[in-house]
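Trainee: A single structure is presented below for examination.
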Amino acid sequence: MEKPAPLGFGLGLRHRYHAEIVKERPDIDWFEVISENYIGRGGRPLAILDDIRADYRIVMHGVSMSIASTAPLDFDYLGKLRDLARRCEPEWISDHLCWTGVHGVNLHDLLPIPYTREALDHVAERILRVEDFLQRRIAIENVSSYVTFAESEMTEEAFLRELAEKADCWLLLDVNNIFVSSFNHGFDPARFLDDIPQERVLQLHLAGHSDHETHKIDTHDQPVIEEVWSLFERACRRFGAISTMIERDDNFPPLHELVGELDRARAIAAAARIRREAAE
Amino acid sequence: MTLKDMQAAFQGAILCGDEDAPRGVEDGPRLNAAARFKIYYDAYRLRLAEGLSTEFPALRETLGDEAFGALFEAYLEGRPSRAFAAQDYCRGLPDFMREDPHWREQDNALGLAEFERALSRAFDAPDAPQLAIDVLAAQTPEDWPELTFVLHPSVQMIELPRSARSAYALSQSELSETADQEDAGGEDNAPMETVLFWRQRDLSFYRALSGDEEIALASLQRGTDFALICAVLAQNRPAEDVAGEAAGFLGRWFTDGLIAGIRAADPAGS
Ligand SMILES: [Fe+2]
């Protein structure tokens, strides 16, 4: 199983930054695009995507696969996803370990699942079918969650580990989501990272969240916080060079601030690499 | 509880306005099960409220937060999303209003909702060439009568209450990414008018159409050739004025970027 070479340090493509990116060519190695922003649309959004694609490598990140849903897979959606992939030739395609609705309804949220054997078998079987349909291995991301279920039979990290094996998929680890969920549910985020198999991790997400004292919410509207940076450092030491990007979806700062966060990610990764090599 | 039962219960609790946690949700270290579940319950509403406000800013401003909130709740309750993109769900609002016993009576609100959706659709329509008028020069005058045209995919002509355009313009008194071009309509005080929407240089535009321009453009959209468009216009005026008026319309449509293609008569047919 050959892991694609790391892409470096990227950013989520958001339209407000497009003109500046084209003009200033800031130090961004690659872009992650939200698949749903382009599916079934033309005009300016697609023109922007083509424009960026001409000069950068991209990854398609979706929110509607609903891979953990007990509703049938939506092959209409998957077909459109495949068409978009043919057009923009992403390095890979990812979505979340979650469900978005049942009975034909879409709640437009990344909803949590109990970590049971039943769910594991169910999700793995669906990933295999999606991978077969898309003709490529996909990456599955851990979400931020706000509830846990009495039925759960294993930890989230154990579930992800087994899932990656069973479904032969990649993992997209969202370091901020690990932190947010660990706070909300009271687990050790470092142990989570340590339980994830290195060879399955294809990409890392970094992001900010909002803090409500009793709980944290994954809002992507703040800078990455210190605890998440140090968790990222641990991830770099454990996983080596991994394609990393920052998600920012609201309360948008000037682009140079995000590029500054990327520079910090680069520096942390470089230092972690030295420590990793020294330890070997 | 199976995964299927759990998902049905979880979704049911989010949709039905029941703030109690569904069975199986545990207490957390700081929040009990109900408070934890409420994060999802609130997020669902907040996300779609934001989506609708983004898609229909003028409608929200015109109705005010209270009425817009009532519309939002009626929509969520009456027609939960079945679209895979939240934006597509939000854009279904005018269809819901048209069928809802209360909102279908609110002509002004419904018109404004349709107006804003048309602008968004123009913005997102597929790309196509926007031909310059020079392409006409390449046609010989003898070919003119049989020319047909293809409109740009962003072009929409929608009959709306007059209030929609004025309410939108009022809400946009600050500079925005749309422009109300010089008003060609307004010949009478009819309550309805046909508004043309299109995209040019990545911006959405709109303007009201006069009756003649509407007829001419609608004919062109159906693939009617230029001679017949002139004949249609000739029903309303002396024949000598018609060619000039039709040429004037055509010139403006090219300038506005409405024309994506031009076809001469099929040589095999002549
Ligand atoms: Fe993420």
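Ligands are numbered from 1 in the order shown, residues from 1 within each chain, and chains are lettered A, B, ... in the order they appear in the structure tokens.
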Name each residue within 9 Å of ligand 1, counting only C-alpha atoms and all ligand atoms, as a list in words.

Mentor: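 Checked against 9 Å with only C-alpha atoms and all ligand atoms; the hits are His96, Glu141, Asn142, Val143, Ser144, Leu172, Leu173, Asp174, Val175, Asn176, Asn177, Leu204, His205, Leu206, Ala207, Asp218, His220, Ile246 and Glu247 of chain A.
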
Trainee: Please produce an output containing N, CA, C and O atoms for each residue in the selection, written as an mmCIF file, in the first residue's frame.

Mentor:
```
data_model
loop_
_atom_site.group_PDB
_atom_site.id
_atom_site.type_symbol
_atom_site.label_atom_id
_atom_site.label_comp_id
_atom_site.auth_asym_id
_atom_site.auth_seq_id
_atom_site.Cartn_x
_atom_site.Cartn_y
_atom_site.Cartn_z
ATOM 1 N N HIS A 96 -16.292 12.326 5.978
ATOM 2 C CA HIS A 96 -16.217 12.170 7.430
ATOM 3 C C HIS A 96 -16.821 10.858 7.924
ATOM 4 O O HIS A 96 -17.745 10.324 7.310
ATOM 5 N N GLU A 141 -12.363 11.033 7.776
ATOM 6 C CA GLU A 141 -11.961 11.971 8.839
ATOM 7 C C GLU A 141 -12.739 11.756 10.131
ATOM 8 O O GLU A 141 -13.963 11.565 10.103
ATOM 9 N N ASN A 142 -12.031 11.853 11.248
ATOM 10 C CA ASN A 142 -12.699 11.877 12.557
ATOM 11 C C ASN A 142 -13.381 13.226 12.744
ATOM 12 O O ASN A 142 -12.801 14.265 12.423
ATOM 13 N N VAL A 143 -14.613 13.232 13.245
ATOM 14 C CA VAL A 143 -15.342 14.497 13.431
ATOM 15 C C VAL A 143 -15.238 14.965 14.879
ATOM 16 O O VAL A 143 -14.882 14.188 15.769
ATOM 17 N N SER A 144 -15.575 16.220 15.097
ATOM 18 C CA SER A 144 -15.807 16.691 16.462
ATOM 19 C C SER A 144 -17.162 16.165 16.880
ATOM 20 O O SER A 144 -18.118 16.214 16.105
ATOM 21 N N LEU A 172 -7.964 10.624 7.537
ATOM 22 C CA LEU A 172 -7.678 12.051 7.593
ATOM 23 C C LEU A 172 -7.877 12.407 9.060
ATOM 24 O O LEU A 172 -9.014 12.391 9.550
ATOM 25 N N LEU A 173 -6.796 12.691 9.759
ATOM 26 C CA LEU A 173 -6.930 13.014 11.178
ATOM 27 C C LEU A 173 -7.081 14.520 11.336
ATOM 28 O O LEU A 173 -6.223 15.286 10.895
ATOM 29 N N ASP A 174 -8.177 14.918 11.948
ATOM 30 C CA ASP A 174 -8.361 16.324 12.262
ATOM 31 C C ASP A 174 -7.900 16.520 13.700
ATOM 32 O O ASP A 174 -8.547 16.054 14.639
ATOM 33 N N VAL A 175 -6.769 17.188 13.847
ATOM 34 C CA VAL A 175 -6.143 17.321 15.169
ATOM 35 C C VAL A 175 -7.028 18.160 16.083
ATOM 36 O O VAL A 175 -7.175 17.877 17.276
ATOM 37 N N ASN A 176 -7.643 19.191 15.509
ATOM 38 C CA ASN A 176 -8.554 20.011 16.302
ATOM 39 C C ASN A 176 -9.774 19.194 16.746
ATOM 40 O O ASN A 176 -10.238 19.322 17.882
ATOM 41 N N ASN A 177 -10.288 18.360 15.865
ATOM 42 C CA ASN A 177 -11.438 17.536 16.248
ATOM 43 C C ASN A 177 -11.085 16.578 17.379
ATOM 44 O O ASN A 177 -11.904 16.333 18.276
ATOM 45 N N LEU A 204 -3.638 15.589 7.585
ATOM 46 C CA LEU A 204 -4.029 16.187 8.866
ATOM 47 C C LEU A 204 -4.810 17.472 8.604
ATOM 48 O O LEU A 204 -4.519 18.209 7.660
ATOM 49 N N HIS A 205 -5.793 17.703 9.442
ATOM 50 C CA HIS A 205 -6.507 18.983 9.462
ATOM 51 C C HIS A 205 -6.118 19.738 10.723
ATOM 52 O O HIS A 205 -6.019 19.140 11.798
ATOM 53 N N LEU A 206 -5.974 21.041 10.567
ATOM 54 C CA LEU A 206 -5.839 21.943 11.713
ATOM 55 C C LEU A 206 -6.944 22.977 11.601
ATOM 56 O O LEU A 206 -7.327 23.359 10.493
ATOM 57 N N ALA A 207 -7.455 23.427 12.730
ATOM 58 C CA ALA A 207 -8.508 24.443 12.698
ATOM 59 C C ALA A 207 -8.658 25.035 14.085
ATOM 60 O O ALA A 207 -8.076 24.531 15.055
ATOM 61 N N ASP A 218 -16.683 22.853 17.153
ATOM 62 C CA ASP A 218 -15.791 22.896 15.996
ATOM 63 C C ASP A 218 -16.323 23.891 14.986
ATOM 64 O O ASP A 218 -17.063 23.545 14.078
ATOM 65 N N HIS A 220 -14.341 26.386 13.196
ATOM 66 C CA HIS A 220 -13.417 26.847 12.141
ATOM 67 C C HIS A 220 -13.449 28.355 11.975
ATOM 68 O O HIS A 220 -13.334 28.859 10.865
ATOM 69 N N ILE A 246 -5.011 23.866 6.851
ATOM 70 C CA ILE A 246 -5.803 24.603 7.842
ATOM 71 C C ILE A 246 -7.178 24.900 7.257
ATOM 72 O O ILE A 246 -7.300 25.366 6.127
ATOM 73 N N GLU A 247 -8.192 24.593 8.057
ATOM 74 C CA GLU A 247 -9.573 24.878 7.661
ATOM 75 C C GLU A 247 -10.010 26.178 8.323
ATOM 76 O O GLU A 247 -9.927 26.317 9.542
#
```

Trainee: Quick one: which residues from chain A are at most 7 Å off chain B, using only C-alpha atoms, as a count of residues only?

Mentor: 25

Trainee: Between CA of Pro101 (chain B) and CA of Ser53 (chain B), what is the distance in Å, rounded to a tenth?

Mentor: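 Value for the CA of Pro101 (chain B)-CA of Ser53 (chain B) distance: 22.3 Å.
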
Trainee: List every residue of region 124-254 of chain A that DSSP, applied to the backbone of this structure, places in strand (DSSP E or B), and write the result as number ranges by chain.

Mentor: A: 139-141, 149, 170-174, 201-207, 210-211, 216-217, 243-247

Trainee: Given the selection you just returned, output its residues as a file containing N, CA and C atoms, formatted as a PDB file, in the first residue's frame.

Mentor:
```
ATOM      1  N   ALA A 139     -10.261   8.779   1.901  1.00  0.00           N
ATOM      2  CA  ALA A 139      -9.795   9.076   3.260  1.00  0.00           C
ATOM      3  C   ALA A 139     -11.007   9.438   4.117  1.00  0.00           C
ATOM      4  N   ILE A 140     -11.000   8.920   5.349  1.00  0.00           N
ATOM      5  CA  ILE A 140     -12.116   9.171   6.276  1.00  0.00           C
ATOM      6  C   ILE A 140     -11.614   9.982   7.465  1.00  0.00           C
ATOM      7  N   GLU A 141     -12.363  11.033   7.776  1.00  0.00           N
ATOM      8  CA  GLU A 141     -11.961  11.971   8.839  1.00  0.00           C
ATOM      9  C   GLU A 141     -12.739  11.756  10.131  1.00  0.00           C
ATOM     10  N   PHE A 149     -22.462   7.556  23.191  1.00  0.00           N
ATOM     11  CA  PHE A 149     -23.584   6.633  23.289  1.00  0.00           C
ATOM     12  C   PHE A 149     -23.273   5.489  24.252  1.00  0.00           C
ATOM     13  N   TRP A 170      -7.851   5.301   3.781  1.00  0.00           N
ATOM     14  CA  TRP A 170      -6.928   6.198   4.477  1.00  0.00           C
ATOM     15  C   TRP A 170      -7.657   6.866   5.633  1.00  0.00           C
ATOM     16  N   LEU A 171      -6.862   7.455   6.519  1.00  0.00           N
ATOM     17  CA  LEU A 171      -7.455   8.282   7.569  1.00  0.00           C
ATOM     18  C   LEU A 171      -7.015   9.729   7.381  1.00  0.00           C
ATOM     19  N   LEU A 172      -7.964  10.624   7.537  1.00  0.00           N
ATOM     20  CA  LEU A 172      -7.678  12.051   7.593  1.00  0.00           C
ATOM     21  C   LEU A 172      -7.877  12.407   9.060  1.00  0.00           C
ATOM     22  N   LEU A 173      -6.796  12.691   9.759  1.00  0.00           N
ATOM     23  CA  LEU A 173      -6.930  13.014  11.178  1.00  0.00           C
ATOM     24  C   LEU A 173      -7.081  14.520  11.336  1.00  0.00           C
ATOM     25  N   ASP A 174      -8.177  14.918  11.948  1.00  0.00           N
ATOM     26  CA  ASP A 174      -8.361  16.324  12.262  1.00  0.00           C
ATOM     27  C   ASP A 174      -7.900  16.520  13.700  1.00  0.00           C
ATOM     28  N   VAL A 201      -2.442   7.064   7.919  1.00  0.00           N
ATOM     29  CA  VAL A 201      -2.747   8.501   8.009  1.00  0.00           C
ATOM     30  C   VAL A 201      -2.232   9.220   6.767  1.00  0.00           C
ATOM     31  N   LEU A 202      -3.155   9.783   6.015  1.00  0.00           N
ATOM     32  CA  LEU A 202      -2.817  10.414   4.750  1.00  0.00           C
ATOM     33  C   LEU A 202      -2.761  11.934   4.871  1.00  0.00           C
ATOM     34  N   GLN A 203      -3.541  12.470   5.786  1.00  0.00           N
ATOM     35  CA  GLN A 203      -3.674  13.930   5.833  1.00  0.00           C
ATOM     36  C   GLN A 203      -4.027  14.362   7.241  1.00  0.00           C
ATOM     37  N   LEU A 204      -3.638  15.589   7.585  1.00  0.00           N
ATOM     38  CA  LEU A 204      -4.029  16.187   8.866  1.00  0.00           C
ATOM     39  C   LEU A 204      -4.810  17.472   8.604  1.00  0.00           C
ATOM     40  N   HIS A 205      -5.793  17.703   9.442  1.00  0.00           N
ATOM     41  CA  HIS A 205      -6.507  18.983   9.462  1.00  0.00           C
ATOM     42  C   HIS A 205      -6.118  19.738  10.723  1.00  0.00           C
ATOM     43  N   LEU A 206      -5.974  21.041  10.567  1.00  0.00           N
ATOM     44  CA  LEU A 206      -5.839  21.943  11.713  1.00  0.00           C
ATOM     45  C   LEU A 206      -6.944  22.977  11.601  1.00  0.00           C
ATOM     46  N   ALA A 207      -7.455  23.427  12.730  1.00  0.00           N
ATOM     47  CA  ALA A 207      -8.508  24.443  12.698  1.00  0.00           C
ATOM     48  C   ALA A 207      -8.658  25.035  14.085  1.00  0.00           C
ATOM     49  N   SER A 210     -14.661  27.076  18.915  1.00  0.00           N
ATOM     50  CA  SER A 210     -15.149  28.023  19.914  1.00  0.00           C
ATOM     51  C   SER A 210     -15.313  27.320  21.257  1.00  0.00           C
ATOM     52  N   ASP A 211     -14.989  28.065  22.292  1.00  0.00           N
ATOM     53  CA  ASP A 211     -14.933  27.512  23.639  1.00  0.00           C
ATOM     54  C   ASP A 211     -16.138  28.006  24.442  1.00  0.00           C
ATOM     55  N   LYS A 216     -16.718  22.477  23.839  1.00  0.00           N
ATOM     56  CA  LYS A 216     -16.096  23.201  22.732  1.00  0.00           C
ATOM     57  C   LYS A 216     -16.816  22.802  21.443  1.00  0.00           C
ATOM     58  N   ILE A 217     -16.941  23.755  20.517  1.00  0.00           N
ATOM     59  CA  ILE A 217     -17.615  23.469  19.249  1.00  0.00           C
ATOM     60  C   ILE A 217     -16.664  23.762  18.096  1.00  0.00           C
ATOM     61  N   SER A 243       0.642  15.391   4.636  1.00  0.00           N
ATOM     62  CA  SER A 243      -0.051  16.546   4.045  1.00  0.00           C
ATOM     63  C   SER A 243      -0.915  17.192   5.113  1.00  0.00           C
ATOM     64  N   THR A 244      -0.703  18.496   5.314  1.00  0.00           N
ATOM     65  CA  THR A 244      -1.388  19.192   6.405  1.00  0.00           C
ATOM     66  C   THR A 244      -2.073  20.435   5.848  1.00  0.00           C
ATOM     67  N   MET A 245      -3.268  20.711   6.317  1.00  0.00           N
ATOM     68  CA  MET A 245      -3.914  21.958   5.890  1.00  0.00           C
ATOM     69  C   MET A 245      -4.741  22.562   7.009  1.00  0.00           C
ATOM     70  N   ILE A 246      -5.011  23.866   6.851  1.00  0.00           N
ATOM     71  CA  ILE A 246      -5.803  24.603   7.842  1.00  0.00           C
ATOM     72  C   ILE A 246      -7.178  24.900   7.257  1.00  0.00           C
ATOM     73  N   GLU A 247      -8.192  24.593   8.057  1.00  0.00           N
ATOM     74  CA  GLU A 247      -9.573  24.878   7.661  1.00  0.00           C
ATOM     75  C   GLU A 247     -10.010  26.178   8.323  1.00  0.00           C
TER      76      GLU A 247
END
```

Trainee: Residues at most 12 Å from Pro141 (chain B), counting only C-alpha atoms, excluding those fewer than 4 positions away in the same chain, as a list in words?

Mentor: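 The filter keeps Leu136, Ala137, Pro145, Glu146, Leu147, Phe226, Ala227 and Ala264 of chain B.
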
Trainee: Could you write out the selected residues, including all heavy atoms, as an mmCIF file, in the first residue's frame?

Mentor:
```cif
data_model
loop_
_atom_site.group_PDB
_atom_site.id
_atom_site.type_symbol
_atom_site.label_atom_id
_atom_site.label_comp_id
_atom_site.auth_asym_id
_atom_site.auth_seq_id
_atom_site.Cartn_x
_atom_site.Cartn_y
_atom_site.Cartn_z
ATOM 1 N N LEU B 136 -21.978 39.387 -35.711
ATOM 2 C CA LEU B 136 -23.025 39.671 -36.706
ATOM 3 C C LEU B 136 -22.415 40.157 -38.017
ATOM 4 O O LEU B 136 -22.933 39.888 -39.094
ATOM 5 C CB LEU B 136 -23.989 40.722 -36.173
ATOM 6 C CG LEU B 136 -25.086 40.223 -35.231
ATOM 7 C CD1 LEU B 136 -26.000 41.392 -34.875
ATOM 8 C CD2 LEU B 136 -25.887 39.096 -35.866
ATOM 9 N N ALA B 137 -21.305 40.866 -37.884
ATOM 10 C CA ALA B 137 -20.668 41.414 -39.084
ATOM 11 C C ALA B 137 -20.218 40.302 -40.030
ATOM 12 O O ALA B 137 -20.109 40.491 -41.232
ATOM 13 C CB ALA B 137 -19.480 42.294 -38.684
ATOM 14 N N PRO B 145 -32.270 37.290 -41.923
ATOM 15 C CA PRO B 145 -33.635 36.869 -41.555
ATOM 16 C C PRO B 145 -33.684 35.487 -40.932
ATOM 17 O O PRO B 145 -34.553 35.222 -40.095
ATOM 18 C CB PRO B 145 -34.382 36.890 -42.900
ATOM 19 C CG PRO B 145 -33.607 37.836 -43.749
ATOM 20 C CD PRO B 145 -32.173 37.688 -43.328
ATOM 21 N N GLU B 146 -32.756 34.619 -41.331
ATOM 22 C CA GLU B 146 -32.852 33.244 -40.846
ATOM 23 C C GLU B 146 -31.922 32.947 -39.673
ATOM 24 O O GLU B 146 -31.803 31.803 -39.249
ATOM 25 C CB GLU B 146 -32.584 32.270 -42.002
ATOM 26 C CG GLU B 146 -33.729 32.286 -43.014
ATOM 27 C CD GLU B 146 -33.514 31.278 -44.123
ATOM 28 O OE1 GLU B 146 -33.578 30.069 -43.820
ATOM 29 O OE2 GLU B 146 -33.251 31.697 -45.256
ATOM 30 N N LEU B 147 -31.268 33.971 -39.150
ATOM 31 C CA LEU B 147 -30.383 33.738 -37.995
ATOM 32 C C LEU B 147 -31.194 33.335 -36.763
ATOM 33 O O LEU B 147 -32.256 33.896 -36.497
ATOM 34 C CB LEU B 147 -29.597 35.011 -37.656
ATOM 35 C CG LEU B 147 -28.483 35.440 -38.611
ATOM 36 C CD1 LEU B 147 -27.847 36.733 -38.092
ATOM 37 C CD2 LEU B 147 -27.445 34.347 -38.774
ATOM 38 N N PHE B 226 -34.727 35.598 -36.826
ATOM 39 C CA PHE B 226 -34.803 37.048 -36.711
ATOM 40 C C PHE B 226 -35.997 37.626 -37.478
ATOM 41 O O PHE B 226 -36.662 38.548 -37.014
ATOM 42 C CB PHE B 226 -33.487 37.664 -37.199
ATOM 43 C CG PHE B 226 -33.329 39.091 -36.808
ATOM 44 C CD1 PHE B 226 -33.153 39.437 -35.472
ATOM 45 C CD2 PHE B 226 -33.361 40.101 -37.764
ATOM 46 C CE1 PHE B 226 -33.018 40.759 -35.096
ATOM 47 C CE2 PHE B 226 -33.231 41.426 -37.382
ATOM 48 C CZ PHE B 226 -33.058 41.756 -36.051
ATOM 49 N N ALA B 227 -36.280 37.064 -38.649
ATOM 50 C CA ALA B 227 -37.395 37.571 -39.454
ATOM 51 C C ALA B 227 -38.716 37.412 -38.716
ATOM 52 O O ALA B 227 -39.558 38.316 -38.686
ATOM 53 C CB ALA B 227 -37.446 36.822 -40.795
ATOM 54 N N ALA B 264 -26.536 30.365 -38.384
ATOM 55 C CA ALA B 264 -27.095 30.744 -39.679
ATOM 56 C C ALA B 264 -28.066 29.646 -40.094
ATOM 57 O O ALA B 264 -28.071 28.561 -39.515
ATOM 58 C CB ALA B 264 -25.975 30.885 -40.697
#
```

Trainee: From a DSSP calculation on the backbone, collect every residue of region 119-275 of chain A in alpha helix (DSSP H) and output the set as number ranges by chain.

Mentor: A: 119-134, 156-167, 175-185, 189-194, 226-239, 255-275

Trainee: Would you list the contacts of Thr219 (chain A) as a ChimeraX atom specification, taking every protein, DNA or RNA residue within 8 Å and counting only C-alpha atoms, but skipping same-chain residues closer than 3 positions in sequence?

Mentor: /A:208-210,222,249-250

Trainee: Mind checking which residues fall within 10 Å of Ile28 (chain A), counting only C-alpha atoms, ignoring those fewer than 3 positions away in the same chain, and posting them as a PDB file with C-alpha atoms, in the first residue's frame?

Mentor:
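As written to disk, selection19.pdb reads:
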```pdb
ATOM      1  CA  GLY A   8       3.100  19.933   2.007  1.00  0.00           C
ATOM      2  CA  PHE A   9       1.055  22.643   3.717  1.00  0.00           C
ATOM      3  CA  GLY A  10      -2.264  23.688   2.266  1.00  0.00           C
ATOM      4  CA  LEU A  11      -5.358  25.727   2.867  1.00  0.00           C
ATOM      5  CA  ILE A  21      -4.124  33.960  -4.211  1.00  0.00           C
ATOM      6  CA  ARG A  25       0.929  33.694  -5.049  1.00  0.00           C
ATOM      7  CA  PHE A  31      -5.676  23.452  -1.669  1.00  0.00           C
ATOM      8  CA  TYR A  56      -1.925  23.836  -7.595  1.00  0.00           C
ATOM      9  CA  MET A 245      -3.914  21.958   5.890  1.00  0.00           C
ATOM     10  CA  LEU A 258      -3.588  32.037   7.564  1.00  0.00           C
ATOM     11  CA  VAL A 259      -0.331  31.816   5.650  1.00  0.00           C
ATOM     12  CA  LEU A 262       0.813  27.550   7.814  1.00  0.00           C
ATOM     13  CA  ASP A 263       4.369  28.758   8.351  1.00  0.00           C
TER      14      ASP A 263
END
```
